[in-house]
file final-v6.txt (compact mmCIF, C-alpha atoms)
# COMPACT_ATOMS: atom_id res chain seq x y z
CA MET A 1 7.52 -60.48 38.36
CA ALA A 2 10.88 -61.49 36.88
CA LYS A 3 9.09 -63.11 33.98
CA SER A 4 7.37 -59.89 32.98
CA ARG A 5 10.61 -57.95 33.03
CA GLN A 6 12.16 -60.59 30.78
CA LEU A 7 9.24 -60.28 28.39
CA LYS A 8 9.68 -56.52 28.34
CA GLY A 9 13.33 -56.98 27.39
CA ARG A 10 12.45 -59.31 24.56
CA ILE A 11 9.80 -56.95 23.27
CA ARG A 12 12.33 -54.16 23.15
CA SER A 13 14.89 -56.32 21.37
CA VAL A 14 12.40 -57.45 18.71
CA GLN A 15 11.31 -53.85 18.24
CA ASN A 16 14.90 -52.83 17.57
CA THR A 17 15.41 -55.65 15.11
CA ARG A 18 12.24 -54.66 13.32
CA LYS A 19 13.43 -51.07 13.09
CA ILE A 20 16.66 -52.24 11.44
CA THR A 21 15.00 -54.58 8.95
CA LYS A 22 12.42 -51.94 8.12
CA THR A 23 15.17 -49.42 7.39
CA MET A 24 17.06 -51.93 5.25
CA GLU A 25 13.87 -52.59 3.35
CA LEU A 26 13.42 -48.90 2.64
CA VAL A 27 17.06 -48.48 1.60
CA ALA A 28 16.81 -51.48 -0.71
CA THR A 29 13.61 -50.11 -2.22
CA SER A 30 15.21 -46.82 -3.16
CA LYS A 31 18.36 -48.49 -4.47
CA LEU A 32 16.21 -50.95 -6.39
CA LYS A 33 14.51 -48.08 -8.15
CA ARG A 34 17.80 -46.68 -9.39
CA ALA A 35 19.20 -50.08 -10.31
CA GLN A 36 16.02 -50.82 -12.24
CA ASP A 37 16.43 -47.58 -14.19
CA ARG A 38 19.93 -48.70 -15.10
CA VAL A 39 18.64 -52.04 -16.36
CA ILE A 40 16.13 -50.24 -18.55
CA ALA A 41 18.73 -47.73 -19.77
CA ALA A 42 20.98 -50.60 -20.87
CA ARG A 43 18.32 -52.11 -23.11
CA PRO A 44 18.46 -49.94 -26.27
CA TYR A 45 22.20 -50.50 -26.69
CA ALA A 46 21.95 -54.27 -26.34
CA GLU A 47 18.97 -54.37 -28.67
CA ALA A 48 20.75 -52.22 -31.29
CA LEU A 49 23.85 -54.40 -31.20
CA ARG A 50 21.89 -57.62 -31.39
CA GLN A 51 19.83 -56.38 -34.29
CA VAL A 52 22.79 -55.18 -36.31
CA ILE A 53 24.74 -58.36 -35.75
CA ALA A 54 21.70 -60.35 -36.81
CA ASP A 55 21.41 -58.15 -39.91
CA LEU A 56 25.01 -58.63 -40.95
CA PHE A 57 25.42 -62.25 -40.03
CA THR A 58 25.26 -65.05 -42.54
CA PRO A 59 25.96 -68.68 -41.65
CA ASP A 60 28.87 -68.90 -44.09
CA LEU A 61 30.65 -66.10 -42.22
CA ALA A 62 30.58 -68.07 -39.00
CA ASP A 63 33.78 -70.01 -39.55
CA ARG A 64 35.79 -66.91 -40.23
CA PHE A 65 35.23 -65.32 -36.85
CA PRO A 66 37.08 -66.83 -33.92
CA LEU A 67 34.43 -65.57 -31.50
CA LEU A 68 31.69 -67.52 -33.29
CA ARG A 69 33.66 -70.72 -33.65
CA GLN A 70 32.68 -73.69 -31.53
CA PRO A 71 35.93 -75.31 -30.35
CA ALA A 72 36.32 -79.10 -30.51
CA PRO A 73 35.58 -80.94 -27.24
CA PRO A 74 38.65 -81.64 -25.10
CA ALA A 75 38.46 -85.35 -25.90
CA LYS A 76 39.15 -84.51 -29.53
CA GLY A 77 42.08 -82.23 -28.89
CA GLY A 78 40.21 -78.99 -28.28
CA PRO A 79 41.17 -76.62 -25.46
CA SER A 80 40.30 -77.96 -22.02
CA ARG A 81 40.12 -74.69 -20.11
CA ALA A 82 36.65 -73.32 -19.57
CA ALA A 83 36.00 -69.99 -17.91
CA LEU A 84 33.13 -69.29 -15.58
CA ILE A 85 32.30 -65.78 -14.41
CA LEU A 86 30.33 -65.79 -11.19
CA LEU A 87 28.48 -62.60 -10.28
CA THR A 88 27.40 -62.26 -6.65
CA SER A 89 26.84 -59.34 -4.32
CA ASN A 90 29.29 -57.89 -1.82
CA ARG A 91 26.73 -57.84 0.97
CA GLY A 92 24.53 -60.47 2.49
CA LEU A 93 21.08 -60.32 4.11
CA ALA A 94 19.37 -60.76 0.78
CA GLY A 95 17.63 -64.05 1.46
CA GLY A 96 18.68 -66.89 -0.80
CA PHE A 97 20.04 -64.56 -3.45
CA ASN A 98 23.74 -65.38 -3.19
CA SER A 99 23.34 -69.01 -2.27
CA ASN A 100 21.14 -69.52 -5.33
CA LEU A 101 23.86 -68.07 -7.54
CA ILE A 102 26.50 -70.21 -5.86
CA LYS A 103 24.35 -73.32 -6.29
CA GLU A 104 23.93 -72.55 -9.97
CA ALA A 105 27.70 -72.09 -10.30
CA ARG A 106 28.43 -75.42 -8.63
CA ARG A 107 26.00 -77.17 -10.93
CA ARG A 108 27.65 -75.58 -13.94
CA ILE A 109 31.14 -76.45 -12.76
CA GLU A 110 30.07 -80.04 -12.31
CA THR A 111 28.64 -80.23 -15.84
CA LEU A 112 31.73 -78.68 -17.36
CA GLU A 113 34.04 -81.00 -15.45
CA GLN A 114 32.05 -84.01 -16.56
CA GLN A 115 32.69 -82.89 -20.12
CA GLY A 116 36.39 -83.00 -19.39
CA HIS A 117 37.04 -79.30 -18.91
CA THR A 118 39.12 -77.70 -16.23
CA VAL A 119 37.10 -74.80 -14.91
CA GLU A 120 38.64 -71.42 -14.17
CA LEU A 121 36.52 -69.35 -11.88
CA PHE A 122 36.31 -65.58 -12.23
CA GLY A 123 34.65 -64.20 -9.13
CA VAL A 124 32.92 -60.85 -8.90
CA GLY A 125 31.44 -60.00 -5.50
CA LYS A 126 32.54 -60.98 -2.00
CA LYS A 127 29.93 -63.62 -1.34
CA GLY A 128 30.76 -65.94 -4.20
CA ILE A 129 34.50 -65.49 -3.79
CA GLY A 130 34.26 -66.18 -0.06
CA PHE A 131 32.34 -69.38 -0.60
CA PHE A 132 34.66 -70.89 -3.19
CA LYS A 133 37.73 -69.86 -1.22
CA TYR A 134 36.26 -71.69 1.75
CA LEU A 135 35.98 -74.77 -0.47
CA GLY A 136 39.65 -74.32 -1.28
CA ARG A 137 39.18 -73.54 -4.95
CA LYS A 138 41.59 -71.16 -6.59
CA MET A 139 40.08 -68.14 -8.27
CA ALA A 140 41.45 -66.79 -11.52
CA LEU A 141 40.07 -63.37 -10.69
CA GLU A 142 38.69 -61.73 -7.57
CA ARG A 143 36.85 -58.46 -7.92
CA THR A 144 35.12 -57.00 -4.90
CA ASP A 145 35.46 -53.35 -5.88
CA ILE A 146 32.59 -53.11 -8.32
CA GLY A 147 29.69 -53.15 -5.91
CA ASP A 148 26.15 -52.47 -7.03
CA ARG A 149 26.95 -49.77 -9.57
CA PRO A 150 28.74 -51.53 -12.39
CA LYS A 151 30.09 -49.48 -15.26
CA ALA A 152 30.65 -50.57 -18.82
CA GLU A 153 34.40 -50.27 -18.20
CA HIS A 154 34.22 -52.84 -15.42
CA ALA A 155 32.62 -55.31 -17.79
CA GLY A 156 35.31 -54.53 -20.35
CA GLU A 157 38.10 -55.20 -17.87
CA ILE A 158 36.65 -58.60 -17.05
CA ALA A 159 35.67 -59.63 -20.57
CA GLU A 160 38.69 -58.38 -22.50
CA PRO A 161 41.28 -60.99 -21.39
CA LEU A 162 38.69 -63.73 -21.86
CA ILE A 163 37.84 -62.59 -25.39
CA GLU A 164 41.53 -62.59 -26.26
CA ALA A 165 42.14 -66.02 -24.76
CA PHE A 166 39.11 -67.41 -26.53
CA ALA A 167 40.08 -65.91 -29.87
CA ALA A 168 43.55 -67.40 -29.44
CA GLY A 169 41.98 -70.83 -28.98
CA GLN A 170 43.03 -71.27 -25.36
CA LEU A 171 39.53 -71.35 -23.93
CA ALA A 172 36.77 -73.79 -24.73
CA SER A 173 33.93 -71.57 -23.53
CA VAL A 174 33.01 -68.67 -21.29
CA ASP A 175 29.89 -68.83 -19.16
CA LEU A 176 28.36 -66.15 -17.00
CA ILE A 177 26.42 -66.94 -13.84
CA GLN A 178 24.12 -64.02 -13.09
CA ALA A 179 20.76 -63.29 -11.55
CA ARG A 180 17.94 -62.53 -13.95
CA PHE A 181 15.88 -59.54 -13.01
CA ILE A 182 12.36 -60.55 -13.94
CA SER A 183 10.75 -58.51 -11.20
CA ALA A 184 11.70 -57.44 -7.69
CA LEU A 185 10.15 -60.67 -6.42
CA GLN A 186 11.58 -62.96 -9.08
CA THR A 187 15.35 -63.05 -9.34
CA PRO A 188 16.29 -66.55 -10.43
CA PRO A 189 19.94 -67.42 -11.17
CA ALA A 190 20.83 -68.11 -14.79
CA THR A 191 23.78 -69.36 -16.76
CA ILE A 192 24.49 -67.49 -19.95
CA ARG A 193 26.91 -68.71 -22.55
CA ILE A 194 28.96 -65.73 -23.60
CA LEU A 195 31.60 -67.35 -25.80
CA PRO A 196 31.35 -68.75 -28.38
CA VAL A 197 28.75 -66.14 -29.30
CA GLU A 198 25.48 -67.85 -29.99
CA THR A 199 24.72 -67.05 -33.56
CA PRO A 200 21.52 -65.16 -34.15
CA ALA A 201 18.84 -67.39 -35.64
CA GLU A 202 17.46 -64.81 -38.02
CA GLY A 203 20.82 -64.30 -39.78
CA LYS A 204 19.83 -63.69 -43.35
CA GLY A 205 22.70 -61.58 -44.54
CA VAL A 206 22.71 -57.95 -45.54
CA SER A 207 19.09 -57.31 -46.30
CA ARG A 208 18.46 -53.66 -46.63
CA ASN A 209 20.77 -52.72 -49.45
CA TYR A 210 23.15 -51.11 -47.05
CA ILE A 211 26.15 -49.07 -47.97
CA LEU A 212 28.67 -50.67 -45.65
CA ALA A 213 31.93 -49.05 -44.70
CA PRO A 214 34.32 -50.78 -44.77
CA ASN A 215 32.39 -54.09 -45.24
CA ALA A 216 30.20 -56.55 -43.38
CA GLU A 217 33.10 -58.67 -42.19
CA ALA A 218 35.13 -55.83 -40.76
CA ILE A 219 32.08 -54.40 -39.02
CA LEU A 220 31.17 -57.76 -37.52
CA GLU A 221 34.71 -58.26 -36.37
CA ARG A 222 34.59 -55.03 -34.41
CA LEU A 223 31.07 -55.44 -33.11
CA LEU A 224 31.32 -58.99 -31.79
CA PRO A 225 33.67 -58.03 -28.93
CA LEU A 226 31.33 -55.15 -28.08
CA TYR A 227 28.49 -57.63 -27.97
CA VAL A 228 30.38 -59.91 -25.60
CA ARG A 229 31.39 -57.04 -23.34
CA ASN A 230 27.83 -55.83 -23.29
CA ALA A 231 26.55 -59.26 -22.30
CA VAL A 232 28.81 -59.08 -19.24
CA TYR A 233 27.71 -55.53 -18.51
CA ARG A 234 24.05 -56.45 -18.72
CA GLY A 235 24.65 -59.41 -16.44
CA MET A 236 26.24 -57.11 -13.90
CA VAL A 237 23.48 -54.52 -14.07
CA GLU A 238 20.75 -57.13 -13.81
CA THR A 239 22.46 -58.87 -10.91
CA ALA A 240 22.78 -55.56 -9.07
CA ALA A 241 19.08 -54.84 -9.52
CA ALA A 242 18.18 -58.40 -8.56
CA GLU A 243 20.26 -58.08 -5.39
CA HIS A 244 18.27 -55.10 -4.20
CA GLY A 245 15.02 -56.76 -5.16
CA ALA A 246 15.95 -59.90 -3.23
CA ARG A 247 17.08 -57.88 -0.24
CA ARG A 248 13.88 -55.88 -0.19
CA THR A 249 11.80 -59.06 -0.24
CA ALA A 250 13.93 -60.69 2.46
CA MET A 251 13.79 -57.62 4.69
CA LYS A 252 10.07 -57.20 4.17
CA ASN A 253 9.54 -60.77 5.33
CA ALA A 254 11.82 -60.19 8.30
CA THR A 255 9.89 -57.06 9.24
CA ASP A 256 6.57 -58.88 8.95
CA ASN A 257 7.83 -61.76 11.06
CA ALA A 258 9.16 -59.39 13.69
CA GLY A 259 5.70 -57.81 13.78
CA ASP A 260 4.09 -61.19 14.38
CA ILE A 261 6.49 -62.06 17.18
CA LEU A 262 5.98 -58.67 18.73
CA GLU A 263 2.21 -59.11 18.77
CA LEU A 264 2.54 -62.46 20.48
CA LEU A 265 5.00 -61.16 23.07
CA LYS A 266 2.87 -58.11 23.83
CA ARG A 267 -0.22 -60.24 24.30
CA THR A 268 1.61 -62.57 26.68
CA TYR A 269 2.99 -59.61 28.58
CA ASN A 270 -0.38 -57.91 28.96
CA ARG A 271 -2.11 -61.09 29.99
CA GLN A 272 0.48 -61.62 32.68
CA ARG A 273 0.17 -58.07 33.92
CA GLN A 274 -3.60 -58.44 34.10
CA ALA A 275 -3.25 -61.71 35.98
CA GLN A 276 -1.02 -60.03 38.50
CA ILE A 277 -3.39 -57.12 39.05
CA THR A 278 -6.29 -59.51 39.48
CA GLN A 279 -4.33 -61.42 42.04
CA GLU A 280 -3.39 -58.29 43.96
CA ILE A 281 -7.03 -57.17 44.08
CA ALA A 282 -8.06 -60.59 45.28
CA GLU A 283 -5.48 -60.35 48.03
CA ILE A 284 -6.65 -56.91 49.13
CA VAL A 285 -10.30 -57.98 49.13
CA GLY A 286 -9.35 -61.12 51.01
CA GLY A 287 -7.38 -59.09 53.56
CA ALA A 288 -10.24 -56.59 54.09
CA ALA A 289 -12.72 -59.42 54.52
CA ALA A 290 -10.46 -61.03 57.14
CA LEU A 291 -10.28 -57.74 59.12
CA GLN A 292 -14.05 -57.30 59.16
CA GLY A 293 -14.24 -60.76 60.52
CA MET B 1 15.28 -37.14 -39.30
CA GLN B 2 15.29 -39.04 -36.05
CA VAL B 3 18.66 -39.32 -34.28
CA THR B 4 19.53 -41.47 -31.28
CA VAL B 5 22.89 -41.71 -29.55
CA ILE B 6 23.14 -44.83 -27.42
CA SER B 7 25.84 -45.96 -25.00
CA PRO B 8 25.80 -49.14 -22.90
CA GLU B 9 24.75 -47.19 -19.84
CA ALA B 10 22.15 -44.83 -21.24
CA SER B 11 20.55 -43.14 -24.19
CA MET B 12 22.44 -39.88 -24.55
CA PHE B 13 20.32 -38.21 -27.20
CA ASP B 14 17.01 -38.90 -28.79
CA GLY B 15 15.33 -36.42 -31.07
CA GLU B 16 14.93 -34.71 -34.40
CA ALA B 17 17.93 -33.26 -36.19
CA ASP B 18 18.80 -31.59 -39.47
CA ALA B 19 22.37 -32.82 -39.81
CA VAL B 20 24.79 -35.22 -38.19
CA VAL B 21 28.56 -35.19 -38.56
CA ALA B 22 30.23 -38.29 -37.21
CA PRO B 23 33.84 -39.45 -36.93
CA ALA B 24 33.88 -42.64 -38.98
CA PHE B 25 36.86 -44.98 -38.88
CA ASP B 26 38.32 -43.37 -42.01
CA GLY B 27 37.31 -39.73 -41.57
CA GLN B 28 34.31 -37.52 -41.02
CA VAL B 29 30.91 -38.54 -42.37
CA GLY B 30 28.05 -36.10 -42.81
CA ILE B 31 24.47 -37.37 -42.75
CA LEU B 32 21.60 -35.26 -44.04
CA PRO B 33 17.93 -36.21 -44.22
CA ASN B 34 17.00 -38.88 -46.78
CA HIS B 35 20.40 -40.51 -46.71
CA ALA B 36 20.65 -43.95 -48.30
CA PRO B 37 20.79 -46.94 -45.91
CA PHE B 38 24.25 -46.80 -44.50
CA MET B 39 26.37 -48.38 -41.84
CA THR B 40 29.89 -47.53 -40.80
CA LEU B 41 32.29 -48.19 -37.99
CA LEU B 42 33.16 -45.22 -35.86
CA GLY B 43 36.61 -44.06 -34.91
CA GLU B 44 37.38 -41.55 -32.21
CA GLY B 45 36.34 -37.92 -32.28
CA THR B 46 33.49 -35.47 -31.99
CA LEU B 47 29.98 -36.30 -33.03
CA THR B 48 27.92 -33.24 -33.92
CA VAL B 49 24.13 -33.25 -34.08
CA ARG B 50 22.55 -30.07 -35.40
CA ARG B 51 18.93 -29.02 -35.27
CA ALA B 52 18.20 -25.51 -36.51
CA GLU B 53 20.45 -23.32 -34.35
CA THR B 54 21.10 -25.88 -31.62
CA VAL B 55 24.24 -27.95 -31.83
CA SER B 56 24.95 -30.92 -29.58
CA ARG B 57 28.46 -32.30 -29.42
CA PHE B 58 29.52 -35.64 -28.06
CA SER B 59 32.94 -37.16 -27.94
CA VAL B 60 32.66 -40.77 -28.99
CA ARG B 61 34.96 -43.76 -29.40
CA GLY B 62 34.24 -47.01 -31.21
CA GLY B 63 30.91 -48.52 -32.11
CA PHE B 64 28.93 -47.85 -35.25
CA LEU B 65 26.54 -45.52 -37.00
CA GLN B 66 23.52 -46.78 -38.86
CA VAL B 67 21.09 -44.96 -41.13
CA VAL B 68 17.83 -46.61 -42.10
CA GLU B 69 14.78 -44.78 -43.42
CA ASN B 70 15.67 -41.41 -41.96
CA ARG B 71 16.57 -42.87 -38.62
CA VAL B 72 20.15 -42.39 -37.54
CA ARG B 73 21.43 -44.58 -34.77
CA VAL B 74 24.82 -43.95 -33.21
CA VAL B 75 25.79 -46.85 -31.00
CA THR B 76 29.07 -46.36 -29.23
CA GLU B 77 30.89 -47.72 -26.25
CA HIS B 78 32.23 -44.45 -24.92
CA VAL B 79 30.27 -41.21 -25.07
CA GLN B 80 30.73 -37.98 -23.28
CA GLY B 81 28.12 -35.47 -24.16
CA GLU B 82 27.37 -31.83 -23.76
CA THR B 83 24.80 -29.70 -25.46
CA HIS B 84 25.76 -26.21 -26.54
CA ALA B 85 23.75 -23.37 -27.84
CA PRO B 86 25.64 -21.94 -30.85

call {"tool": "encode", "arguments": {"input": "final-v6.txt", "output": "structure tokens"}}
result
Amino acid sequence: MAKSRQLKGRIRSVQNTRKITKTMELVATSKLKRAQDRVIAARPYAEALRQVIADLFTPDLADRFPLLRQPAPPAKGGPSRAALILLTSNRGLAGGFNSNLIKEARRRIETLEQQGHTVELFGVGKKGIGFFKYLGRKMALERTDIGDRPKAEHAGEIAEPLIEAFAAGQLASVDLIQARFISALQTPPATIRILPVETPAEGKGVSRNYILAPNAEAILERLLPLYVRNAVYRGMVETAAAEHGARRTAMKNATDNAGDILELLKRTYNRQRQAQITQEIAEIVGGAAALQG
Amino acid sequence: MQVTVISPEASMFDGEADAVVAPAFDGQVGILPNHAPFMTLLGEGTLTVRRAETVSRFSVRGGFLQVVENRVRVVTEHVQGETHAP
């Protein structure tokens, strides 16, 4: 008797959990849709910038732009500071999403330190910041106010000081740890080198007989920072979309699992109830038979 | 000619137009159909896109304007747009 009441309690508790995970799944689905639209809306700008920079770039220009210059390794007197921007989400319950990003960051830090760099960590999102604080690592920047709707200005605020420091020769490199948004089911972490800007392979100089105002160099000089800022912005938008995708998948699995558990519990409960009824009938029949003698 | 106005967050305008007036870094630039290939940095100011009687105005800052084969591309970091009837 007590056992069946216990079962009933567990059934109710699993049902409630399933209701919550189901709701979170639905919320994540609708947010994913909007975040996905933002990823798509960010594409034309990035493509336009990339194309124009590739059009204007020639290998002999590379040395003249501080943002394209590859600094000497620290062993040969180059700058030893390396910056790492880590993008994570502010909220958990997204499966392995944040821990994958953190793992990727730790791997990257290790590689950079082996090369003799001191790594400065720029954290965006509570989860990553929380983890590295727990390890006792100092953060150069902590931003938890951006959430899942990053704006281009946010990316600018983060990238601007780094661009300046890099141009001034104080930084050896800037890497961005972000989640790639391949699909809602596939959101692998990725490290993207932001500075020095990786020079476009197809750089063949001014090809189309452009009238350039003022000239290729001045235009490049202004566009390269935009390109860097945009790389950060895209990272943020993709990570936001990936977060919702990962959460939807995690919550869908949780809902499915809750369903399985529920089925099992209900079957056990019903079987027990049936057993009890059978026993009661047997007792009544037995009692009646005893009276008839 | 085909005109697109692109910001990091979205495409603000995409369509046919008869004339574009843009705030280049050194003053206003007017683009009419069949303009030679052209690229310029943008300053700060009002970008005007006209098609027949419809005029769209955007306030832009930074970025660049590119004209290739009757396609005008305005790529700018800050845009605020509104479309007016004349």

call {"tool": "residues_around", "arguments": {"input": "final-v6.txt", "residues": "segment 30-45 of chain B", "least_positions_apart": "5", "cutoff": "6 Å", "atoms": "only C-alpha atoms", "output": "list of chain:residue names"}}
result
A:Tyr210, A:Ile211, A:Leu212, A:Ala213, B:Met1, B:Ala19, B:Val20, B:Val21, B:Pro23, B:Ala24, B:Phe25, B:Ser59, B:Val60, B:Arg61, B:Gly62, B:Gly63, B:Phe64, B:Leu65, B:Gln66, B:Val67, B:Val68, B:Asn70

call {"tool": "closest_residue", "arguments": {"input": "final-v6.txt", "among": "B:Gln2, B:Glu16, B:Thr54, B:Gly27", "to": "chain A", "atoms": "only C-alpha atoms"}}
result
B:Gly27

call {"tool": "atom_distance", "arguments": {"input": "final-v6.txt", "atom1": "atom CA of Thr144 of chain A", "atom2": "atom CA of Phe122 of chain A"}}
result
11.3 Å

call {"tool": "atom_distance", "arguments": {"input": "final-v6.txt", "atom1": "atom CA of Ala179 of chain A", "atom2": "atom CA of Lys138 of chain A"}}
result
22.8 Å

call {"tool": "atom_distance", "arguments": {"input": "final-v6.txt", "atom1": "atom CA of Asn16 of chain A", "atom2": "atom CA of Gly259 of chain A"}}
result
11.1 Å

call {"tool": "residues_around", "arguments": {"input": "final-v6.txt", "residues": "Ala190 of chain A", "least_positions_apart": "2", "cutoff": "8 Å", "atoms": "only C-alpha atoms", "output": "JSON, numbers by chain"}}
result
{"A": [101, 104, 177, 178, 179, 180, 188, 192]}

call {"tool": "residues_around", "arguments": {"input": "final-v6.txt", "residues": "segment 8-15 of chain A", "least_positions_apart": "4", "cutoff": "9 Å", "atoms": "all atoms listed in the file", "output": "list of chain:residue names"}}
result
A:Lys3, A:Ser4, A:Lys19, A:Ile20, A:Ala258, A:Gly259, A:Ile261, A:Leu262, A:Leu265, A:Lys266, A:Tyr269

call {"tool": "closest_residue", "arguments": {"input": "final-v6.txt", "among": "A:Leu195, A:Ile281, A:Ala82, A:Ala290", "to": "Gln170 of chain A", "atoms": "all atoms listed in the file"}}
result
A:Ala82

call {"tool": "interface_residues", "arguments": {"input": "final-v6.txt", "of": "chain A", "to": "chain B", "cutoff": "9 Å", "atoms": "all atoms listed in the file", "output": "PyMOL selection string"}}
result
chain A and resi 38-46+48-49+52+151-152+208-215+218-219+222-223+226+230+233-234

call {"tool": "write_last_selection", "arguments": {"input": "final-v6.txt", "atoms": "C-alpha atoms", "output": "mmCIF file, in the coordinates of the input"}}
result
data_model
loop_
_atom_site.group_PDB
_atom_site.id
_atom_site.type_symbol
_atom_site.label_atom_id
_atom_site.label_comp_id
_atom_site.auth_asym_id
_atom_site.auth_seq_id
_atom_site.Cartn_x
_atom_site.Cartn_y
_atom_site.Cartn_z
ATOM 1 C CA ARG A 38 19.930 -48.700 -15.100
ATOM 2 C CA VAL A 39 18.640 -52.040 -16.360
ATOM 3 C CA ILE A 40 16.130 -50.240 -18.550
ATOM 4 C CA ALA A 41 18.730 -47.730 -19.770
ATOM 5 C CA ALA A 42 20.980 -50.600 -20.870
ATOM 6 C CA ARG A 43 18.320 -52.110 -23.110
ATOM 7 C CA PRO A 44 18.460 -49.940 -26.270
ATOM 8 C CA TYR A 45 22.200 -50.500 -26.690
ATOM 9 C CA ALA A 46 21.950 -54.270 -26.340
ATOM 10 C CA ALA A 48 20.750 -52.220 -31.290
ATOM 11 C CA LEU A 49 23.850 -54.400 -31.200
ATOM 12 C CA VAL A 52 22.790 -55.180 -36.310
ATOM 13 C CA LYS A 151 30.090 -49.480 -15.260
ATOM 14 C CA ALA A 152 30.650 -50.570 -18.820
ATOM 15 C CA ARG A 208 18.460 -53.660 -46.630
ATOM 16 C CA ASN A 209 20.770 -52.720 -49.450
ATOM 17 C CA TYR A 210 23.150 -51.110 -47.050
ATOM 18 C CA ILE A 211 26.150 -49.070 -47.970
ATOM 19 C CA LEU A 212 28.670 -50.670 -45.650
ATOM 20 C CA ALA A 213 31.930 -49.050 -44.700
ATOM 21 C CA PRO A 214 34.320 -50.780 -44.770
ATOM 22 C CA ASN A 215 32.390 -54.090 -45.240
ATOM 23 C CA ALA A 218 35.130 -55.830 -40.760
ATOM 24 C CA ILE A 219 32.080 -54.400 -39.020
ATOM 25 C CA ARG A 222 34.590 -55.030 -34.410
ATOM 26 C CA LEU A 223 31.070 -55.440 -33.110
ATOM 27 C CA LEU A 226 31.330 -55.150 -28.080
ATOM 28 C CA ASN A 230 27.830 -55.830 -23.290
ATOM 29 C CA TYR A 233 27.710 -55.530 -18.510
ATOM 30 C CA ARG A 234 24.050 -56.450 -18.720
#

call {"tool": "residues_around", "arguments": {"input": "final-v6.txt", "residues": "Phe97 of chain A", "least_positions_apart": "6", "cutoff": "9 Å", "atoms": "all atoms listed in the file", "output": "ChimeraX atom specification"}}
result
/A:88-89,179,187-189,242-243,246-247
